[in-house]
Amino acid sequence: MATTPSVEVSGSVALLEALLTEGVDTIFGYPGGAIMPIYDALYDYKEKLNHILVRHEQGGIHAGQGYARTSGKVGVVFATSGPGATNLVTGLADAQIDSTPLVCITGQVFAHLLGTDAFQETDVINITTPVTKWNYQVTDANEIPEAIAKAFYIAKSGRPGPVLIDITKNAQIQKFEYKGYEPCNHIRSYRPKPIVRKEYVAQAAELINSAKKPFVLFGQGVILGSAEQEFKAFIEKSGIPSAWTVLGAGAIPTDHPLNVGMLGMHGNYGPNVLTNECDVLIAIGMRFDDRVTGRLDKYAKQAKVIHLDIDPAEIDKNVKSTVPVWGDCKETLPMLTELIVPNDHSAWLAKFAEYTKAEVEQVIDAELNPTEGEMTMGEVINQLNKLTNGEAIIVTDVGQHQMVACRYAQLNKTRSNVTSGGLGTMGFALPAAIGAKFGAQDRTVVAVIGDGGFQMTLQELGTIMQSGVDVKIMILNNRFLGMVRQWQELFNERRYSFVDIQSPDFVRLASAYGIAGKIVNEREELQGALKEMLDHKGSFLLEVMVTKENNVFPMVPQGCSVSEIRLK
């Protein structure tokens with residue numbers, strides 16, 4: 001048996017070679033003392049690996065998330081020890097709850113200094129254990145190839161998630177006999193995909209075939225499993241109305257005739273009310289988050305529930321299923337589609353249309369097509385749709401603008417909606433939009449951000465300036481922390497407590513970073529300004545002054561059932 005020839009390299013070089021073998025092309029990072037040997041090795045890899053110097057490690061990890069979400073690849077992030085590593089924690093938590101594949105490499109102090117409270121030493125493994133899918137500390141260079149191989153396999157397989165590898169400085173410097181890099185495709189104690197049980201698929205098909213009012217809820221699992229076509233085939237054969245979670249948006253085009261709208265607290269009227277009238281509820285790649293279900297003791301109690309999910313931990317966690325269908329939906333959906341009979345639920349679909357009509361009359365028309373008063377967030381998104389034709393990637397921050405954009409943005413393609421779903425991280429959008437553009441360089445990327453969230457990570461304008469990345473930034477400025485203000489208005493008797501936020505001159509701020517910009521105060525200027533932003537070569541910041549005290553409706557108040565949704 002021939003032995004693999006070895007070559008002596010440092011741990012840092014072995015790491016970079018591993019990244020190349022895994023197909024990595026872009027790294028988001030920030031150097032520092034404990035990761036300096038890796039950055040020294042990176043000096044010789046400038047032609048092969050594109051390193052984007054961010055302005056803060058949180059910006060780096062959100063950029064990694066944006067890259068992963070639009071490219072479908074693993075996002076890679078570098079940070080140093082101590083504060084560099086702890087600055088990743090918010091992004092790790094965000095990626096964990098939203099199932100985003102990341103591999104984060106942190107430098108660490110020399111192994112002999114571990115536990116001594118050395119300069120910039122923190123116990124990053126124990127700090128990040130609750131917010132990573134897997135983490136591991138490397139203290140010997142010989143471990144690096146296998147640790148990185150496991151990291152990529154775990155991050156991208158099964159239900160994806162963030163992985164952190166902490167490498168001590170001595171392991172980065174240490175020379176060892178490197179025998180090449182082998183990607184990992186199996187770990188003995190880890191089963192990324194549960195075994196599909198065909199009898200459950202058959203039971204699910206039986207329930208669907210006999211249903212009079214079936215209803216599909218689809219989430220990001222469809223997108224993560226690259227099962228968009230399989231999903232489309234399933235709903236078109238079955239004729240079942242389908243509604244999406246915030247992270248499921250775009251899995252089928254917004255204007256698909258069976259796409260009946262958005263679920264959840266600020267979702268559409270029909271999908272929420274009719275959840276409590278359907279007879280079979282089919283959940284595909286979604287986890288029954290509290291913002292989707294409202295009060296669980298009043299959620300779809302009349303319905304038989306079929307739950308398709310790759311993560312067995314999600315089945316029966318919040319909503320008890322009648323038939324659990326474990327497995328990757330790319331595998332389980334075609335099996336289900338084969339067993340169902342072609343059907344037409346037009347009478348049931350018409351009921352959704354009735355609710356849509358009421359919502360258009362009472363909410364949507366005034367939000368999208370106002371003719372007087374200050375501009376609304378909805379009309380800005382509506383005008384944007386007309387110019388992008390639903391082809392752009394929309395990256396949103398967190399708050400009222402996020403809900404408005406998710407409700408009204410036209411999405412014709414998958415991987416077009418990038419937002420912080422489960423964690424609700426303000427400051428996410430600007431760095432995530434940078435990563436999103438690097439992950440999909442042939443597409444227009446528009447970041448829709450509130451005046452509050454923008455100020456949490458605005459330093460990443462420096463990343464745009466230095467990298468030259470083309471991101472369109474749209475700040476919807478209502479001079480408030482809008483979502484908190486809305487709750488204070490509705491549930492705290494308008495006791496506005498510390499939500500009146502002042503902002504700098506955003507256009508001049510962008511100008512300081514060499515980024516073109518414009519402010520719009522009048523409705524008549526809006527369309528021209530949006531067109532100028534989209535047509536501009538390079539990044540552009542457009543600040544749109546919108547009405548101060550507009551509320552996002554419909555709304556399911558906290559502690560209420562989905563059928564108690566308010567239109568005003």
# chains A, B, ... in the order shown; residues from 1 in each chain; ligands from 1
>>> select_by_dssp(residues="segment 272-498 of chain A", states="strand (DSSP E or B)", output="ChimeraX atom specification")
/A:280-284,294,304-309,323-326,375,393-396,417-418,445-450,472-477
>>> select_by_dssp(residues="segment 407-560 of chain A", states="helix (DSSP H, G or I)", output="PyMOL selection string")
chain A and resi 407-408+429-439+451-454+458-467+482-491+506-512+523-535
>>> atom_distance(atom1="atom CA of Leu16 of chain A", atom2="atom CA of Gly161 of chain A")
21.3 Å
>>> closest_residue(among="A:Lys213, A:Leu481, A:Asp297, A:Gly158", to="Pro192 of chain A", atoms="only C-alpha atoms")
A:Gly158
>>> closest_residue(among="A:Gly270, A:Gly285, A:Gly327, A:Pro334", to="Tyr355 of chain A", atoms="only C-alpha atoms")
A:Gly270
>>> residues_around(residues="His186 of chain A", least_positions_apart="4", cutoff="12 Å", atoms="only C-alpha atoms", output="list in words")
Glu146, Ala149, Lys150, Ala151, Phe152, Tyr153, Ile154, Ser157, Gly158, Glu182, Tyr190, Arg191, Pro192 and Lys193 of chain A
>>> closest_residue(among="A:Gln229, A:Ser6, A:Ala118, A:Val103", to="Val24 of chain A", atoms="only C-alpha atoms")
A:Val103
>>> closest_residue(among="A:Ala510, A:Val499, A:Val445, A:Ile167", to="Leu461 of chain A", atoms="only C-alpha atoms")
A:Ala510
>>> residues_around(residues="Phe288 of chain A", least_positions_apart="3", cutoff="10 Å", atoms="only C-alpha atoms", output="ChimeraX atom specification")
/A:217,219,245,264,283,285,291-294,296,307,314-319
>>> write_last_selection(atoms="all heavy atoms", output="tab-separated table (two decimals), in the first residue's frame")
chain	number	residue	atom	x	y	z
A	217	LEU	N	-47.80	25.21	5.12
A	217	LEU	CA	-46.93	26.25	5.68
A	217	LEU	C	-45.50	25.88	5.32
A	217	LEU	O	-45.03	24.81	5.70
A	217	LEU	CB	-47.05	26.31	7.21
A	217	LEU	CG	-48.44	26.18	7.85
A	217	LEU	CD1	-48.33	26.24	9.36
A	217	LEU	CD2	-49.35	27.31	7.36
A	219	GLY	N	-41.28	26.85	5.14
A	219	GLY	CA	-40.23	27.66	5.74
A	219	GLY	C	-38.92	27.54	5.00
A	219	GLY	O	-38.84	27.01	3.88
A	245	THR	N	-43.25	31.37	5.98
A	245	THR	CA	-42.64	32.05	7.12
A	245	THR	C	-41.70	33.12	6.56
A	245	THR	O	-41.36	33.09	5.38
A	245	THR	CB	-41.83	31.08	7.99
A	245	THR	OG1	-40.67	30.66	7.25
A	245	THR	CG2	-42.64	29.85	8.39
A	264	GLY	N	-47.77	34.59	10.45
A	264	GLY	CA	-47.16	35.19	11.61
A	264	GLY	C	-47.75	36.50	12.10
A	264	GLY	O	-48.74	37.01	11.56
A	283	ALA	N	-46.84	21.23	7.39
A	283	ALA	CA	-45.71	22.11	7.67
A	283	ALA	C	-44.45	21.53	7.03
A	283	ALA	O	-44.10	20.38	7.28
A	283	ALA	CB	-45.51	22.24	9.18
A	285	GLY	N	-40.43	22.18	6.41
A	285	GLY	CA	-39.19	22.92	6.67
A	285	GLY	C	-39.40	24.18	7.47
A	285	GLY	O	-38.77	25.21	7.21
A	291	ARG	N	-43.73	33.40	16.85
A	291	ARG	CA	-44.24	34.51	16.06
A	291	ARG	C	-45.16	34.02	14.93
A	291	ARG	O	-45.90	34.79	14.35
A	291	ARG	CB	-43.08	35.33	15.48
A	291	ARG	CG	-42.36	36.18	16.53
A	291	ARG	CD	-43.27	37.28	17.05
A	291	ARG	NE	-42.80	37.91	18.26
A	291	ARG	CZ	-42.23	39.11	18.34
A	291	ARG	NH1	-42.03	39.81	17.25
A	291	ARG	NH2	-41.88	39.61	19.49
A	292	VAL	N	-45.09	32.73	14.61
A	292	VAL	CA	-45.98	32.15	13.60
A	292	VAL	C	-47.26	31.62	14.26
A	292	VAL	O	-48.35	31.76	13.72
A	292	VAL	CB	-45.26	31.00	12.84
A	292	VAL	CG1	-46.25	30.11	12.10
A	292	VAL	CG2	-44.26	31.58	11.86
A	293	THR	N	-47.12	31.03	15.45
A	293	THR	CA	-48.26	30.31	16.04
A	293	THR	C	-49.16	31.16	16.93
A	293	THR	O	-50.33	30.84	17.11
A	293	THR	CB	-47.76	29.13	16.90
A	293	THR	OG1	-46.99	29.65	17.99
A	293	THR	CG2	-46.93	28.16	16.08
A	294	GLY	N	-48.61	32.27	17.51
A	294	GLY	CA	-49.40	32.93	18.55
A	294	GLY	C	-49.61	31.95	19.70
A	294	GLY	O	-48.76	31.11	19.98
A	296	LEU	N	-50.26	28.85	21.56
A	296	LEU	CA	-50.22	27.44	21.13
A	296	LEU	C	-51.47	26.67	21.54
A	296	LEU	O	-51.91	25.76	20.83
A	296	LEU	CB	-48.98	26.75	21.71
A	296	LEU	CG	-47.68	27.00	20.95
A	296	LEU	CD1	-46.48	26.51	21.75
A	296	LEU	CD2	-47.69	26.33	19.58
A	307	HIS	N	-45.93	17.10	9.62
A	307	HIS	CA	-44.74	17.94	9.78
A	307	HIS	C	-43.54	17.28	9.10
A	307	HIS	O	-43.09	16.22	9.52
A	307	HIS	CB	-44.46	18.17	11.27
A	307	HIS	CG	-43.48	19.27	11.54
A	307	HIS	ND1	-43.20	19.74	12.80
A	307	HIS	CD2	-42.68	20.01	10.71
A	307	HIS	CE1	-42.29	20.71	12.74
A	307	HIS	NE2	-41.96	20.88	11.47
A	314	GLU	N	-37.28	19.22	16.09
A	314	GLU	CA	-38.32	20.21	15.83
A	314	GLU	C	-39.71	19.60	15.78
A	314	GLU	O	-40.71	20.28	15.98
A	314	GLU	CB	-38.05	20.96	14.52
A	314	GLU	CG	-36.86	21.92	14.57
A	314	GLU	CD	-37.02	23.04	15.58
A	314	GLU	OE1	-38.15	23.28	16.06
A	314	GLU	OE2	-35.99	23.66	15.92
A	315	ILE	N	-39.79	18.30	15.50
A	315	ILE	CA	-41.09	17.64	15.38
A	315	ILE	C	-41.64	17.37	16.79
A	315	ILE	O	-40.93	16.83	17.64
A	315	ILE	CB	-40.97	16.35	14.54
A	315	ILE	CG1	-40.72	16.74	13.07
A	315	ILE	CG2	-42.23	15.50	14.66
A	315	ILE	CD1	-40.45	15.62	12.12
A	316	ASP	N	-42.86	17.82	17.02
A	316	ASP	CA	-43.54	17.72	18.32
A	316	ASP	C	-42.96	18.65	19.38
A	316	ASP	O	-43.32	18.56	20.56
A	316	ASP	CB	-43.54	16.27	18.87
A	316	ASP	CG	-44.40	15.35	18.03
A	316	ASP	OD1	-45.24	15.84	17.27
A	316	ASP	OD2	-44.21	14.11	18.13
A	317	LYS	N	-42.05	19.55	19.01
A	317	LYS	CA	-41.47	20.47	20.00
A	317	LYS	C	-42.50	21.50	20.45
A	317	LYS	O	-42.69	21.71	21.65
A	317	LYS	CB	-40.24	21.17	19.41
A	317	LYS	CG	-39.51	22.08	20.42
A	317	LYS	CD	-38.27	22.72	19.81
A	317	LYS	CE	-38.60	24.03	19.13
A	317	LYS	NZ	-37.39	24.74	18.65
A	318	ASN	N	-43.16	22.14	19.49
A	318	ASN	CA	-44.15	23.17	19.82
A	318	ASN	C	-45.57	22.72	19.47
A	318	ASN	O	-46.51	22.98	20.21
A	318	ASN	CB	-43.84	24.47	19.08
A	318	ASN	CG	-42.56	25.13	19.57
A	318	ASN	OD1	-42.17	24.95	20.72
A	318	ASN	ND2	-41.90	25.88	18.70
A	319	VAL	N	-45.72	22.10	18.31
A	319	VAL	CA	-47.04	21.65	17.85
A	319	VAL	C	-47.00	20.13	17.64
A	319	VAL	O	-46.12	19.62	16.94
A	319	VAL	CB	-47.42	22.37	16.52
A	319	VAL	CG1	-48.71	21.79	15.95
A	319	VAL	CG2	-47.58	23.87	16.76
>>> atom_distance(atom1="atom CA of Cys329 of chain A", atom2="atom CA of Ser561 of chain A")
28.5 Å
>>> atom_distance(atom1="atom CA of Ser346 of chain A", atom2="atom CA of Val216 of chain A")
14.6 Å
